[in-house]
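As provided, entry-v3.txt (compact mmCIF, C-alpha atoms) reads as follows.
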```
# COMPACT_ATOMS: atom_id res chain seq x y z
CA MET A 1 0.00 0.00 0.00
CA THR A 2 1.29 3.46 -0.91
CA GLN A 3 0.35 6.35 1.33
CA LYS A 4 0.77 10.10 1.11
CA VAL A 5 -0.55 13.12 3.00
CA ILE A 6 -2.20 15.55 0.58
CA LYS A 7 -3.33 19.05 1.51
CA SER A 8 -6.43 20.45 -0.16
CA THR A 9 -6.40 23.89 -1.77
CA GLU A 10 -8.48 26.81 -0.57
CA ARG A 11 -11.25 25.62 -2.92
CA GLY A 12 -11.13 22.06 -1.56
CA GLN A 13 -9.26 20.55 -4.50
CA ILE A 14 -6.60 17.88 -4.13
CA THR A 15 -3.95 16.74 -6.59
CA LEU A 16 -3.15 13.09 -7.04
CA PRO A 17 0.62 12.58 -7.38
CA LYS A 18 1.71 12.31 -11.02
CA LYS A 19 3.34 8.94 -10.37
CA TRP A 20 -0.03 7.57 -9.22
CA ARG A 21 -2.03 9.14 -12.06
CA GLY A 22 0.44 7.70 -14.56
CA ARG A 23 -0.53 4.17 -13.55
CA PHE A 24 -4.04 4.59 -14.97
CA PRO A 25 -4.98 5.33 -18.59
CA THR A 26 -7.68 7.87 -17.63
CA ASP A 27 -8.16 11.42 -16.37
CA ASN A 28 -11.45 10.54 -14.69
CA TYR A 29 -11.89 9.20 -11.18
CA PHE A 30 -14.90 7.93 -9.24
CA ILE A 31 -15.03 9.15 -5.64
CA GLU A 32 -17.14 7.55 -2.92
CA MET A 33 -17.57 8.58 0.70
CA HIS A 34 -18.10 5.83 3.26
CA ASP A 35 -18.46 7.06 6.84
CA ASP A 36 -15.08 8.69 7.53
CA LYS A 37 -13.30 7.42 4.37
CA LEU A 38 -12.96 8.59 0.79
CA ILE A 39 -12.40 5.97 -1.89
CA ILE A 40 -10.96 7.16 -5.22
CA ARG A 41 -10.94 4.78 -8.18
CA PRO A 42 -9.91 5.35 -11.79
CA LEU A 43 -12.90 5.58 -14.09
CA HIS A 44 -12.90 4.62 -17.74
CA ILE A 45 -15.61 6.82 -19.30
CA LYS A 46 -15.94 4.60 -22.37
CA ASP A 47 -17.23 1.85 -20.05
CA ILE A 48 -20.12 4.02 -18.84
CA GLN A 49 -23.39 4.27 -20.72
CA GLU A 50 -24.36 7.58 -19.07
CA GLU A 51 -24.07 11.14 -20.24
CA ILE A 52 -23.64 14.07 -17.88
CA LEU A 53 -26.44 16.46 -18.76
CA PHE A 54 -25.98 18.91 -15.93
CA ASP A 55 -23.07 19.80 -13.68
CA ALA A 56 -24.06 22.22 -10.91
CA ASP A 57 -20.56 23.70 -10.62
CA ARG A 58 -20.22 24.16 -14.36
CA ASP A 59 -23.80 25.04 -15.30
CA ASN A 60 -25.21 26.74 -12.21
CA ASP A 61 -22.29 28.42 -10.40
CA GLY A 62 -22.32 25.70 -7.73
CA LYS A 63 -25.89 26.46 -6.66
CA GLY A 64 -28.33 23.66 -6.00
CA VAL A 65 -31.01 22.70 -8.48
CA SER A 66 -34.62 22.04 -7.57
CA ALA A 67 -36.39 18.88 -8.67
CA ASP A 68 -38.78 21.01 -10.76
CA GLU A 69 -35.85 22.51 -12.66
CA ILE A 70 -34.43 19.07 -13.37
CA ILE A 71 -37.82 17.81 -14.59
CA ARG A 72 -38.20 20.84 -16.89
CA ALA A 73 -34.72 20.26 -18.31
CA LEU A 74 -35.41 16.56 -18.92
CA LYS A 75 -38.72 17.35 -20.64
CA LYS A 76 -36.94 19.85 -22.87
CA ILE A 77 -34.30 17.24 -23.80
CA LYS A 78 -36.99 14.64 -24.49
CA LYS A 79 -38.92 17.11 -26.67
CA HIS A 80 -35.86 18.01 -28.75
CA GLY A 81 -34.05 14.69 -28.63
```

Structure re-expressed in C-alpha cells:
Amino acid sequence: MTQKVIKSTERGQITLPKKWRGRFPTDNYFIEMHDDKLIIRPLHIKDIQEEILFDADRDNDGKGVSADEIIRALKKIKKHG
C-alpha cells in the first residue's frame, strides 16, 4: 500500500501525485464517501453508458437545483431529442 498526505487547496481541490495518475490510462476518477473514508478509483468513461447532462458547478455556479428545474430540463431534452 502506498500512502501520502495531501493538503487540499483553498477551494477544496486535491492533486493526485503524477506517479499515481500515470498508472491509470484515464483522467477521470470515481469518488465515494463511506463514513469517515474517501475511496478514489480510476474511471474509464468509455465503459459508462451515461451522459452528464448537468453539472451544478459548471452550469449553475455551484448552486443547488430544484427537482422542478431538473424535470423541466429533462422534458426539454426529451422534446428536442

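Nearest residue to His44 in chain A among A:Asn28, A:Gln13, A:Ile71, A:Asp59 is A:Asn28, counting only C-alpha atoms.
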
Non-local contacts of Leu43 in chain A (10 Å; all atoms listed in the file; under 2 positions in same chain excluded) as a PyMOL selection string: chain A and resi 24-31+40-41+45-48

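The space between CA of Ser8 in chain A and CA of Asp61 in chain A spans 20.5 Å.
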
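Atom pair CA of Gln3 in chain A / CA of Pro17 in chain A has a distance of 10.7 Å (rounded to one decimal).
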
Atomic separation - CA of Ile39 in chain A relative to CA of Ile14 in chain A, Å: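 Straight-line distance from CA of Ile14 in chain A to CA of Ile39 in chain A works out to 13.4 Å.
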